[in-house]
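Have a look at input32.csv below; it lists CSV, C-alpha atoms.
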```
chain,number,residue,atom,x,y,z
A,151,MET,CA,-58.7,76.8,-9.7
A,152,THR,CA,-59.8,76.5,-13.4
A,153,THR,CA,-58.3,73.5,-15.1
A,154,GLN,CA,-55.9,74.6,-17.8
A,155,ALA,CA,-54.5,72.8,-20.9
A,156,PRO,CA,-52.6,69.6,-20.1
A,157,VAL,CA,-48.9,69.2,-20.4
A,158,LEU,CA,-46.8,66.1,-21.1
A,159,VAL,CA,-43.3,66.1,-19.6
A,160,LEU,CA,-40.7,63.5,-20.6
A,161,THR,CA,-37.2,62.5,-19.6
A,162,VAL,CA,-35.3,59.2,-20.1
A,163,VAL,CA,-32.0,60.5,-18.7
A,164,HIS,CA,-32.6,62.6,-15.6
A,165,HIS,CA,-33.6,61.3,-12.2
A,166,PRO,CA,-37.4,61.5,-11.8
A,167,ASP,CA,-36.9,63.8,-8.8
A,168,ASP,CA,-34.5,66.2,-10.7
A,169,ALA,CA,-35.1,69.5,-8.9
A,170,ARG,CA,-35.6,71.6,-12.1
A,171,ILE,CA,-38.0,69.1,-13.7
A,172,ARG,CA,-40.0,67.8,-10.8
A,173,TYR,CA,-39.9,70.4,-8.1
A,174,ARG,CA,-39.7,73.6,-10.1
A,175,GLU,CA,-41.2,73.3,-13.5
A,176,ILE,CA,-43.8,70.6,-12.9
A,177,GLU,CA,-44.9,72.2,-9.6
A,178,ALA,CA,-45.2,75.6,-11.4
A,179,LEU,CA,-47.4,74.1,-14.0
A,180,LEU,CA,-49.6,72.2,-11.5
A,181,ASP,CA,-49.9,75.3,-9.3
A,182,ALA,CA,-51.0,77.3,-12.4
A,183,GLY,CA,-53.8,74.7,-13.0
A,184,HIS,CA,-52.2,72.6,-15.8
A,185,PRO,CA,-52.7,68.8,-15.4
A,186,VAL,CA,-49.3,67.2,-16.0
A,187,THR,CA,-48.5,63.7,-17.3
A,188,TYR,CA,-44.9,63.0,-16.2
A,189,ALA,CA,-43.0,60.1,-18.0
A,190,ALA,CA,-39.7,59.3,-16.5
A,191,PRO,CA,-37.5,56.3,-15.6
A,192,PHE,CA,-39.0,55.8,-12.1
A,193,SER,CA,-38.3,52.1,-11.7
A,194,ALA,CA,-34.8,52.4,-13.1
A,195,TYR,CA,-34.0,54.9,-10.4
A,196,GLY,CA,-35.9,53.0,-7.7
A,197,VAL,CA,-38.4,55.9,-7.2
A,198,THR,CA,-42.0,55.5,-6.2
A,199,PRO,CA,-43.6,58.9,-6.9
A,200,ALA,CA,-45.7,60.6,-4.2
A,201,ALA,CA,-49.3,61.3,-5.0
A,202,ARG,CA,-49.9,64.9,-6.2
A,203,SER,CA,-53.3,66.3,-7.4
A,204,GLY,CA,-53.2,66.9,-11.1
A,205,LEU,CA,-50.2,64.7,-11.7
A,206,THR,CA,-50.2,61.4,-13.7
A,207,THR,CA,-46.9,59.4,-13.9
A,208,ILE,CA,-45.7,56.9,-16.4
A,209,ASP,CA,-42.7,54.7,-16.1
A,210,LEU,CA,-40.1,54.7,-19.0
A,211,PRO,CA,-36.8,52.9,-19.4
A,212,ARG,CA,-33.7,54.8,-18.6
A,213,ALA,CA,-31.2,55.8,-21.3
A,214,VAL,CA,-27.7,55.3,-19.8
A,215,GLY,CA,-24.3,54.9,-21.4
A,216,ARG,CA,-24.6,53.0,-24.7
A,217,ARG,CA,-27.9,51.5,-23.7
A,218,ARG,CA,-30.3,54.1,-25.1
A,219,LEU,CA,-32.2,52.5,-28.0
A,220,GLY,CA,-34.9,50.8,-25.8
A,221,ALA,CA,-35.6,54.0,-24.0
A,222,LEU,CA,-35.9,56.0,-27.2
A,223,ARG,CA,-38.3,53.4,-28.7
A,224,ALA,CA,-40.5,53.5,-25.6
A,225,ALA,CA,-40.5,57.3,-25.7
A,226,ARG,CA,-41.4,57.4,-29.4
A,227,ARG,CA,-44.4,55.1,-28.7
A,228,LEU,CA,-45.5,57.2,-25.9
A,229,LEU,CA,-45.3,60.4,-28.0
A,230,ALA,CA,-47.4,58.8,-30.7
A,231,THR,CA,-50.1,57.9,-28.2
A,232,LEU,CA,-50.1,60.8,-25.7
A,233,SER,CA,-48.9,63.9,-27.5
A,234,PRO,CA,-52.3,64.3,-29.3
A,235,ARG,CA,-54.0,64.6,-25.9
A,236,HIS,CA,-51.6,67.3,-24.6
A,237,SER,CA,-51.4,71.0,-25.5
A,238,ALA,CA,-47.7,71.1,-24.7
A,239,VAL,CA,-44.9,68.5,-24.7
A,240,LEU,CA,-41.9,69.4,-22.6
A,241,ILE,CA,-38.8,67.3,-23.2
A,242,HIS,CA,-35.6,67.5,-21.1
A,243,ASP,CA,-33.1,65.3,-23.1
A,244,PRO,CA,-31.6,65.9,-26.5
A,245,GLU,CA,-32.1,62.2,-27.1
A,246,LEU,CA,-35.8,62.8,-27.2
A,247,LEU,CA,-35.5,65.0,-30.2
A,248,LEU,CA,-34.7,61.7,-32.1
A,249,ALA,CA,-37.8,60.1,-30.6
A,250,ALA,CA,-39.8,63.0,-31.9
A,251,ALA,CA,-38.3,63.0,-35.4
A,252,GLY,CA,-40.8,62.7,-38.2
A,253,ARG,CA,-43.8,63.5,-36.0
A,254,HIS,CA,-45.9,66.7,-36.3
A,255,LEU,CA,-45.5,68.2,-32.9
A,256,PRO,CA,-45.9,71.9,-33.0
A,257,GLN,CA,-46.5,71.9,-29.3
A,258,LEU,CA,-43.1,70.3,-28.4
A,259,ILE,CA,-40.7,72.4,-26.3
A,260,TRP,CA,-37.0,71.3,-25.6
A,261,ASP,CA,-35.7,72.5,-22.3
A,262,VAL,CA,-32.0,72.9,-22.9
A,263,HIS,CA,-30.2,72.1,-19.7
A,264,GLU,CA,-26.6,71.9,-20.8
A,265,ASP,CA,-24.1,72.2,-23.7
A,266,THR,CA,-24.6,68.6,-24.8
A,267,ALA,CA,-21.9,68.7,-27.5
A,268,ALA,CA,-19.3,70.0,-25.1
A,269,ALA,CA,-20.4,67.5,-22.5
A,270,ILE,CA,-19.5,64.6,-24.9
A,271,GLU,CA,-15.9,65.4,-24.2
A,272,VAL,CA,-16.2,64.0,-20.7
A,273,LYS,CA,-18.5,61.0,-21.4
A,274,GLY,CA,-16.4,58.0,-20.3
A,275,TRP,CA,-18.8,55.5,-22.0
A,276,LEU,CA,-18.1,57.0,-25.5
A,277,PRO,CA,-14.8,56.0,-27.1
A,278,PRO,CA,-12.5,59.0,-27.6
A,279,VAL,CA,-12.3,58.5,-31.4
A,280,LEU,CA,-16.1,58.9,-31.6
A,281,ARG,CA,-16.4,62.1,-29.5
A,282,ARG,CA,-15.7,64.7,-32.1
A,283,PRO,CA,-18.1,63.2,-34.7
A,284,ALA,CA,-20.7,62.7,-32.0
A,285,ALA,CA,-20.3,66.4,-31.0
A,286,ALA,CA,-20.8,67.5,-34.6
A,287,ALA,CA,-23.9,65.3,-34.9
A,288,VAL,CA,-25.3,66.9,-31.7
A,289,ARG,CA,-24.7,70.4,-33.1
A,290,ALA,CA,-26.6,69.4,-36.3
A,291,LEU,CA,-29.4,68.0,-34.2
A,292,GLU,CA,-29.6,71.2,-32.2
A,293,ARG,CA,-29.9,73.3,-35.4
A,294,ALA,CA,-32.6,71.0,-36.7
A,295,ALA,CA,-34.5,71.2,-33.4
A,296,GLU,CA,-34.5,75.0,-33.4
A,297,ARG,CA,-36.1,75.0,-36.8
A,298,ARG,CA,-38.9,72.7,-35.7
A,299,HIS,CA,-39.5,73.2,-32.1
A,300,ALA,CA,-39.7,75.8,-29.3
A,301,LEU,CA,-36.7,76.0,-26.9
A,302,LEU,CA,-36.2,77.1,-23.3
A,303,LEU,CA,-32.6,77.8,-22.2
A,304,ALA,CA,-31.3,77.2,-18.7
A,305,GLU,CA,-28.5,79.7,-19.2
A,306,PRO,CA,-28.1,83.0,-21.1
A,307,GLY,CA,-24.7,81.7,-22.4
A,308,TYR,CA,-26.6,79.0,-24.4
A,309,ARG,CA,-27.9,81.7,-26.7
A,310,GLU,CA,-24.8,81.7,-28.8
A,311,ARG,CA,-25.5,78.1,-29.9
A,312,PHE,CA,-28.8,79.2,-31.5
A,313,THR,CA,-30.0,81.8,-33.9
A,314,GLY,CA,-33.4,82.6,-32.3
A,315,ASN,CA,-34.2,84.7,-29.3
A,316,HIS,CA,-35.4,81.8,-27.0
A,317,PRO,CA,-36.6,82.4,-23.4
A,318,VAL,CA,-34.1,81.9,-20.7
A,319,ILE,CA,-35.4,80.1,-17.6
A,320,PRO,CA,-32.5,80.1,-15.1
A,321,ASN,CA,-31.9,77.0,-13.1
A,322,THR,CA,-32.3,78.8,-9.8
A,323,THR,CA,-34.0,77.7,-6.6
A,324,SER,CA,-36.6,78.9,-4.1
A,325,VAL,CA,-35.0,81.2,-1.6
A,326,PRO,CA,-36.2,80.9,2.0
A,327,ASP,CA,-37.1,84.2,3.7
A,328,ALA,CA,-34.9,83.3,6.7
A,329,VAL,CA,-32.0,80.9,7.1
A,330,PRO,CA,-29.7,79.9,10.0
A,331,ALA,CA,-26.2,81.1,10.3
A,332,PRO,CA,-23.5,78.8,9.0
A,333,GLY,CA,-22.7,76.0,11.4
A,334,ARG,CA,-19.2,74.7,12.3
A,335,ASP,CA,-19.3,70.9,12.0
A,336,ARG,CA,-20.0,70.0,8.3
A,337,VAL,CA,-19.2,71.0,4.8
A,338,VAL,CA,-21.6,69.9,2.0
A,339,TYR,CA,-21.4,69.0,-1.7
A,340,LEU,CA,-24.9,68.8,-3.4
A,341,GLY,CA,-25.3,67.1,-6.7
A,342,SER,CA,-24.3,64.1,-8.8
A,343,VAL,CA,-20.6,63.2,-8.6
A,344,THR,CA,-18.1,62.6,-11.4
A,345,VAL,CA,-14.4,63.1,-11.7
A,346,ALA,CA,-15.0,66.2,-13.8
A,347,ARG,CA,-17.2,67.6,-11.0
A,348,GLY,CA,-14.4,67.2,-8.5
A,349,ALA,CA,-14.6,63.7,-7.0
A,350,ARG,CA,-10.9,63.3,-6.5
A,351,VAL,CA,-10.4,66.8,-5.2
A,352,MET,CA,-13.3,66.5,-2.7
A,353,ALA,CA,-11.8,63.2,-1.4
A,354,ASP,CA,-8.5,65.1,-0.8
A,355,VAL,CA,-10.4,68.0,0.7
A,356,GLY,CA,-12.2,65.7,3.1
A,357,ARG,CA,-8.9,64.2,4.3
A,358,LEU,CA,-7.2,67.6,4.8
A,359,VAL,CA,-10.2,69.1,6.6
A,360,ARG,CA,-10.4,66.1,8.9
A,361,GLU,CA,-6.8,66.3,9.7
A,362,ARG,CA,-6.6,70.1,10.3
A,363,THR,CA,-9.8,70.3,12.4
A,364,LYS,CA,-9.0,67.0,14.2
A,365,GLY,CA,-12.3,65.5,13.0
A,366,ALA,CA,-14.4,68.5,14.1
A,367,VAL,CA,-15.6,69.1,10.5
A,368,THR,CA,-16.8,66.5,8.1
A,369,VAL,CA,-17.4,66.7,4.4
A,370,ASP,CA,-20.8,65.4,3.4
A,371,ILE,CA,-21.5,64.3,-0.2
A,372,ILE,CA,-25.2,64.6,-1.0
A,373,GLY,CA,-25.8,63.0,-4.3
A,374,PRO,CA,-25.0,59.8,-6.3
A,375,PRO,CA,-21.8,58.9,-8.2
A,376,ARG,CA,-22.5,59.0,-11.9
A,377,ASP,CA,-19.8,56.5,-13.0
A,378,GLU,CA,-17.8,53.6,-11.6
A,379,GLU,CA,-14.6,55.6,-11.2
A,380,SER,CA,-16.2,58.3,-9.0
A,381,ARG,CA,-18.0,55.5,-7.1
A,382,ARG,CA,-14.7,53.9,-6.2
A,383,ILE,CA,-13.2,57.3,-5.2
A,384,LEU,CA,-16.1,58.0,-2.8
A,385,GLU,CA,-16.2,54.6,-1.3
A,386,ALA,CA,-12.5,54.6,-0.6
A,387,ALA,CA,-12.6,58.1,1.0
A,388,GLN,CA,-15.6,57.1,3.1
A,389,SER,CA,-13.8,54.0,4.3
A,390,ARG,CA,-10.9,56.1,5.4
A,391,GLY,CA,-13.3,58.5,7.2
A,392,ASP,CA,-12.5,61.4,4.9
A,393,LEU,CA,-16.0,61.8,3.5
A,394,ARG,CA,-19.6,61.0,4.6
A,395,VAL,CA,-21.4,59.8,1.5
A,396,HIS,CA,-25.2,60.0,1.5
A,397,GLY,CA,-26.1,59.1,-2.1
A,398,PHE,CA,-29.2,60.4,-3.8
A,399,VAL,CA,-31.4,62.4,-1.4
A,400,ALA,CA,-34.8,63.9,-2.3
A,401,ASN,CA,-34.5,67.6,-3.1
A,402,GLU,CA,-36.4,69.0,-0.1
A,403,THR,CA,-34.5,66.8,2.3
A,404,ALA,CA,-31.2,67.6,0.6
A,405,LEU,CA,-31.7,71.3,0.9
A,406,GLY,CA,-32.5,70.8,4.6
A,407,MET,CA,-29.1,69.1,4.9
A,408,VAL,CA,-27.4,72.1,3.2
A,409,SER,CA,-29.0,74.6,5.5
A,410,GLY,CA,-26.7,75.4,8.5
A,411,SER,CA,-23.6,74.0,6.9
A,412,LEU,CA,-20.2,75.7,7.3
A,413,ALA,CA,-19.6,75.8,3.5
A,414,GLY,CA,-20.8,74.4,0.2
A,415,LEU,CA,-18.4,73.0,-2.3
A,416,SER,CA,-18.5,73.4,-6.1
A,417,LEU,CA,-15.1,72.1,-7.3
A,418,LEU,CA,-15.9,71.5,-10.9
A,419,ARG,CA,-13.0,71.2,-13.3
A,420,ASP,CA,-12.3,73.5,-16.3
A,421,GLU,CA,-14.3,71.5,-18.8
A,422,PRO,CA,-16.0,73.1,-21.9
A,423,ASN,CA,-19.5,72.1,-21.0
A,424,TYR,CA,-19.2,73.9,-17.6
A,425,ARG,CA,-17.9,77.2,-18.9
A,426,HIS,CA,-21.2,78.6,-20.0
A,427,SER,CA,-23.2,77.3,-17.0
A,428,THR,CA,-23.8,78.3,-13.4
A,429,PRO,CA,-23.8,75.2,-11.2
A,430,THR,CA,-27.2,75.0,-9.6
A,431,LYS,CA,-25.5,74.0,-6.4
A,432,VAL,CA,-24.0,77.5,-6.2
A,433,TYR,CA,-27.5,79.0,-6.3
A,434,GLU,CA,-28.7,76.6,-3.7
A,435,TYR,CA,-25.8,77.3,-1.3
A,436,LEU,CA,-26.4,81.0,-1.5
A,437,ALA,CA,-30.1,80.7,-1.1
A,438,HIS,CA,-29.6,78.8,2.2
A,439,GLY,CA,-27.0,81.2,3.6
A,440,VAL,CA,-24.1,78.8,3.2
A,441,PRO,CA,-20.7,80.3,2.1
A,442,VAL,CA,-19.6,78.9,-1.3
A,443,VAL,CA,-16.2,77.5,-2.1
A,444,THR,CA,-16.0,77.3,-5.9
A,445,THR,CA,-13.5,76.9,-8.7
A,446,PRO,CA,-13.2,79.9,-11.1
A,447,LEU,CA,-15.6,78.8,-13.8
A,448,PRO,CA,-16.7,82.1,-15.3
A,449,LEU,CA,-20.4,82.3,-14.3
A,450,ALA,CA,-19.8,80.7,-10.9
A,451,GLN,CA,-17.0,83.1,-10.1
A,452,ASP,CA,-19.1,86.1,-11.3
A,453,LEU,CA,-22.0,85.0,-9.1
A,454,VAL,CA,-19.9,84.5,-6.0
A,455,GLU,CA,-18.1,87.8,-6.4
A,456,ALA,CA,-21.3,89.8,-7.2
A,457,SER,CA,-23.0,88.3,-4.1
A,458,GLY,CA,-20.0,88.5,-1.8
A,459,GLY,CA,-21.2,85.0,-0.7
A,460,GLY,CA,-18.1,82.8,-1.0
A,461,ILE,CA,-14.5,82.1,-1.9
A,462,VAL,CA,-13.0,81.3,-5.3
A,463,VAL,CA,-10.1,78.7,-5.3
A,464,PRO,CA,-8.0,77.4,-8.2
A,465,PHE,CA,-9.0,74.4,-10.3
A,466,ASP,CA,-7.9,71.0,-9.0
A,467,ASP,CA,-6.4,72.5,-5.9
A,468,ALA,CA,-7.5,70.5,-2.8
A,469,GLU,CA,-5.0,72.4,-0.6
A,470,ALA,CA,-6.6,75.8,-1.5
A,471,ALA,CA,-10.1,74.5,-1.1
A,472,ALA,CA,-9.3,72.9,2.3
A,473,SER,CA,-7.6,76.0,3.5
A,474,ALA,CA,-10.7,78.1,2.6
A,475,VAL,CA,-12.9,75.7,4.6
A,476,VAL,CA,-10.6,75.7,7.6
A,477,ASP,CA,-10.3,79.5,7.5
A,478,LEU,CA,-14.1,79.7,7.7
A,479,TRP,CA,-14.2,77.2,10.6
A,480,GLN,CA,-11.6,79.3,12.5
A,481,ASP,CA,-13.5,82.6,11.7
A,482,PRO,CA,-17.2,82.1,12.3
A,483,GLU,CA,-17.9,85.8,12.0
A,484,ARG,CA,-16.6,85.8,8.5
A,485,ALA,CA,-18.6,82.7,7.6
A,486,ALA,CA,-21.7,84.5,9.0
A,487,ARG,CA,-21.0,87.6,6.9
A,488,LEU,CA,-20.5,85.6,3.7
A,489,GLY,CA,-23.6,83.5,4.3
A,490,ALA,CA,-25.8,86.5,5.0
A,491,ALA,CA,-24.5,88.4,1.9
A,492,GLY,CA,-25.1,85.4,-0.3
A,493,HIS,CA,-28.7,84.9,1.0
A,494,ALA,CA,-29.6,88.5,0.6
A,495,TYR,CA,-28.3,88.6,-3.0
A,496,ALA,CA,-30.1,85.4,-3.9
A,497,ARG,CA,-33.4,86.7,-2.5
A,498,VAL,CA,-33.2,89.7,-4.8
A,499,HIS,CA,-31.7,88.3,-7.9
A,500,HIS,CA,-32.1,84.5,-8.1
A,501,ASP,CA,-35.4,83.3,-6.5
A,502,TRP,CA,-37.3,80.7,-8.5
A,503,ARG,CA,-40.5,82.3,-7.3
A,504,SER,CA,-39.9,85.2,-9.6
A,505,THR,CA,-39.1,82.9,-12.5
A,506,ARG,CA,-42.0,80.4,-12.3
A,507,GLY,CA,-44.4,82.9,-13.8
A,508,PRO,CA,-42.3,83.6,-16.9
A,509,PHE,CA,-41.8,79.8,-17.3
A,510,VAL,CA,-45.5,79.1,-17.3
A,511,GLU,CA,-46.1,82.0,-19.7
A,512,ALA,CA,-43.4,80.6,-22.0
A,513,VAL,CA,-45.2,77.2,-22.1
A,514,ARG,CA,-48.5,78.9,-22.7
A,515,SER,CA,-47.1,80.9,-25.5
A,516,VAL,CA,-46.1,77.7,-27.3
A,517,MET,CA,-49.6,76.3,-26.7
A,518,ALA,CA,-51.2,79.3,-28.2
A,519,GLY,CA,-49.0,79.2,-31.3
A,520,ALA,CA,-49.3,75.5,-31.7
A,521,ALA,CA,-53.1,75.7,-31.5
A,522,GLY,CA,-53.2,77.5,-34.8
A,523,VAL,CA,-51.2,74.7,-36.6
A,524,GLY,CA,-53.1,71.7,-35.4
A,525,ALA,CA,-52.1,71.0,-31.8
A,526,PRO,CA,-54.7,69.6,-29.5
A,527,ALA,CA,-57.3,71.7,-27.8
A,528,ALA,CA,-57.0,72.4,-24.1
A,529,ARG,CA,-58.5,69.2,-22.6
A,530,GLY,CA,-57.2,67.5,-19.4
A,531,PRO,CA,-56.2,63.9,-19.5
A,532,GLY,CA,-58.8,63.2,-16.8
A,533,THR,CA,-56.7,61.1,-14.4
A,534,SER,CA,-54.5,61.7,-11.4
A,535,ALA,CA,-52.2,58.9,-10.3
A,536,GLY,CA,-50.1,58.3,-7.2
A,537,GLY,CA,-47.7,55.8,-8.7
A,538,PRO,CA,-46.0,55.1,-12.0
A,539,GLN,CA,-48.4,53.7,-14.6
A,540,PRO,CA,-46.6,51.5,-17.1
A,541,GLY,CA,-49.3,51.9,-19.7
A,542,GLY,CA,-47.5,49.6,-22.1
A,543,TYR,CA,-44.7,52.0,-22.8
A,544,SER,CA,-41.8,50.2,-21.2
```
Kindly transcribe the structure held in the file into structure tokens.
Amino acid sequence: MTTQAPVLVLTVVHHPDDARIRYREIEALLDAGHPVTYAAPFSAYGVTPAARSGLTTIDLPRAVGRRRLGALRAARRLLATLSPRHSAVLIHDPELLLAAAGRHLPQLIWDVHEDTAAAIEVKGWLPPVLRRPAAAAVRALERAAERRHALLLAEPGYRERFTGNHPVIPNTTSVPDAVPAPGRDRVVYLGSVTVARGARVMADVGRLVRERTKGAVTVDIIGPPRDEESRRILEAAQSRGDLRVHGFVANETALGMVSGSLAGLSLLRDEPNYRHSTPTKVYEYLAHGVPVVTTPLPLAQDLVEASGGGIVVPFDDAEAAASAVVDLWQDPERAARLGAAGHAYARVHHDWRSTRGPFVEAVRSVMAGAAGVGAPAARGPGTSAGGPQPGGYS
């Protein structure tokens, strides 16, 4: 394959093995012949990246809670050194817009994953009195970013925050051609855990399901807690035998754990930053033929109802969610129908394999436009590494 123009990908917030970043977008770029330099907080997350042809990795500090300045300084130094060598710079955190401020980066693309201003309302590390001013500052940062950089949007609903017609790259997943029927012994939750994402409700669901099935069905949590409160909830529930907590699991392995489950939980609360997004886990459950049990967030409900692949339950209602699970356990034929319907719908409408081409073309379009205003020519970085290279940036 002909070597294409190199791409620099940065995050200081997300897990280095974030499925959208590492296993969808970076893999799509590599498969299309673009060498990728991936800068992420590998050490902070305890990740040793696997070797991949065409991929160079660089370790950055992690921006977490109120400790963000060091990561932003490191990212700014990295951008100064490496952006001239890359024909596209793809960033995944709004914080990195600050790291790029004042630099001439016509090839920079911001991949908009969430409604950051709305998400501030549930950030426990930020004092309540500061949340409204911080949200206003984020909105101003977004408006400035749109004037200066290209944007990719993970949801069509994000368009209302911006004035331009930016490409939408949905956060879908690859859909297997064939999947097993739903099993009868485990229910799964896939993703990071917070109280807003249903930590308390899932602990109660685990208890109710265990009691009503006499221990025949377990609730497996596949993903790490994001804060101390959710960590305490999960640990207490696991000690009682109500949940089985696995922590972070690599994407491919995690999806293998999803496959063959009785049901997949998506019990997010009614928070502003969730109302315009489809939880990725819902796509992943449908893709693997697993019936979805979801709260009625608008896009999640629309997806489940359109696919016929799950059950919608009220917000913050462990009783309803547990009853939905037990009903599926007692009626395996219904579970099989829901799983098959969801899988068939996902194959037609929400397979990443049909999105990866438009994603690569969106990146190339930015490269072509930037080349006329002083971005670097298409030259590869010339290295391929199997581990994180500190390179003086952390």
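Distance-wise, CA of Arg419 in chain A and CA of Asp466 in chain A end up 6.7 Å apart.
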Which neighbours of Ala238 in chain A fall inside 6 Å, counting all atoms listed in the file, when residues of the same chain fewer than 2 positions from it are skipped, and could you give them as a PDB file with C-alpha atoms, keeping the file's coordinate frame?
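selection_29.pdb was written with the following content:
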```pdb
ATOM      1  CA  VAL A 157     -48.900  69.200 -20.400  1.00  0.00           C
ATOM      2  CA  HIS A 236     -51.600  67.300 -24.600  1.00  0.00           C
ATOM      3  CA  GLN A 257     -46.500  71.900 -29.300  1.00  0.00           C
ATOM      4  CA  LEU A 258     -43.100  70.300 -28.400  1.00  0.00           C
ATOM      5  CA  MET A 517     -49.600  76.300 -26.700  1.00  0.00           C
TER       6      MET A 517
END
```
Excluding Leu488 in chain A and its own-chain neighbours fewer than 3 positions away, which residues fall within 6 Å of it when counting all atoms listed in the file? Please give them as an mmCIF file with C-alpha atoms, in the coordinates of the input.
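And here is the file that came out, out_24.cif:
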```cif
data_model
loop_
_atom_site.group_PDB
_atom_site.id
_atom_site.type_symbol
_atom_site.label_atom_id
_atom_site.label_comp_id
_atom_site.auth_asym_id
_atom_site.auth_seq_id
_atom_site.Cartn_x
_atom_site.Cartn_y
_atom_site.Cartn_z
ATOM 1 C CA PRO A 441 -20.700 80.300 2.100
ATOM 2 C CA GLY A 459 -21.200 85.000 -0.700
ATOM 3 C CA GLY A 460 -18.100 82.800 -1.000
ATOM 4 C CA ALA A 485 -18.600 82.700 7.600
ATOM 5 C CA ALA A 491 -24.500 88.400 1.900
#
```
Set the distance at 8 Å and use only C-alpha atoms: which residues neighbour range 260-262 of chain A once local chain neighbours fewer than 2 positions away are removed? I'd like the list as a PDB file with C-alpha atoms, in the coordinates of the input.
```
ATOM      1  CA  LEU A 240     -41.900  69.400 -22.600  1.00  0.00           C
ATOM      2  CA  ILE A 241     -38.800  67.300 -23.200  1.00  0.00           C
ATOM      3  CA  HIS A 242     -35.600  67.500 -21.100  1.00  0.00           C
ATOM      4  CA  ASP A 243     -33.100  65.300 -23.100  1.00  0.00           C
ATOM      5  CA  PRO A 244     -31.600  65.900 -26.500  1.00  0.00           C
ATOM      6  CA  LEU A 247     -35.500  65.000 -30.200  1.00  0.00           C
ATOM      7  CA  LEU A 258     -43.100  70.300 -28.400  1.00  0.00           C
ATOM      8  CA  GLU A 264     -26.600  71.900 -20.800  1.00  0.00           C
ATOM      9  CA  ASP A 265     -24.100  72.200 -23.700  1.00  0.00           C
ATOM     10  CA  HIS A 299     -39.500  73.200 -32.100  1.00  0.00           C
ATOM     11  CA  ALA A 300     -39.700  75.800 -29.300  1.00  0.00           C
ATOM     12  CA  LEU A 301     -36.700  76.000 -26.900  1.00  0.00           C
ATOM     13  CA  LEU A 302     -36.200  77.100 -23.300  1.00  0.00           C
ATOM     14  CA  LEU A 303     -32.600  77.800 -22.200  1.00  0.00           C
ATOM     15  CA  ALA A 304     -31.300  77.200 -18.700  1.00  0.00           C
TER      16      ALA A 304
END
```
### Message
Can you tell me which residues surround Ala450 in chain A at a distance of at most 8 Å, considering only C-alpha atoms, apart from same-chain residues fewer than 4 positions away, and format the answer as a list in words?
### Response
Ser427, Thr428, Pro429, Val432, Thr444, Thr445, Pro446 and Val454 of chain A
Original post:
Residues around (-14.5, 80.5, -5.7), cut-off 12 Å, counting all atoms listed in the file - what are they as a ChimeraX atom specification?
Top reply: /A:413-418,432,441-465,467,470-471,474-475
Counting all atoms listed in the file, closest pick from A:Gly183, A:Leu412, A:Ala520, A:Ala387 relative to Arg298 in chain A is A:Ala520
- Test item: residues at most 12 Å from Ala400 in chain A, all atoms listed in the file, excluding those fewer than 3 positions along its chain, as a PyMOL selection string: chain A and resi 165-169+172-173+197-200+340-341+372-374+396-397+403-407
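Each of A:Gln388, A:Asp377, A:Pro330, A:Thr231 was checked against Gly489 in chain A using only C-alpha atoms; the smallest atom-to-atom distance is that of A:Pro330.
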Legend entry - Separation of CA of Phe509 in chain A from CA of His184 in chain A, in Å and rounded to one decimal: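 Separation between CA of Phe509 in chain A and CA of His184 in chain A: 12.7 Å.
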Among listed residues A:Ile176, A:Leu478, A:Ala512, A:Ala521, nearest Pro234 in chain A (using all atoms listed in the file):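 Of the candidates, the smallest distance to Pro234 in chain A is held by A:Ala521.
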From the list A:Arg382, A:Arg202, A:His164, A:Arg170, the nearest residue to Asn401 in chain A using all atoms listed in the file is A:Arg170
Quiz item: Separation of CA of Leu393 in chain A and CA of Met352 in chain A, in Å?
Solution: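 Distance between the two atoms: 8.2 Å.
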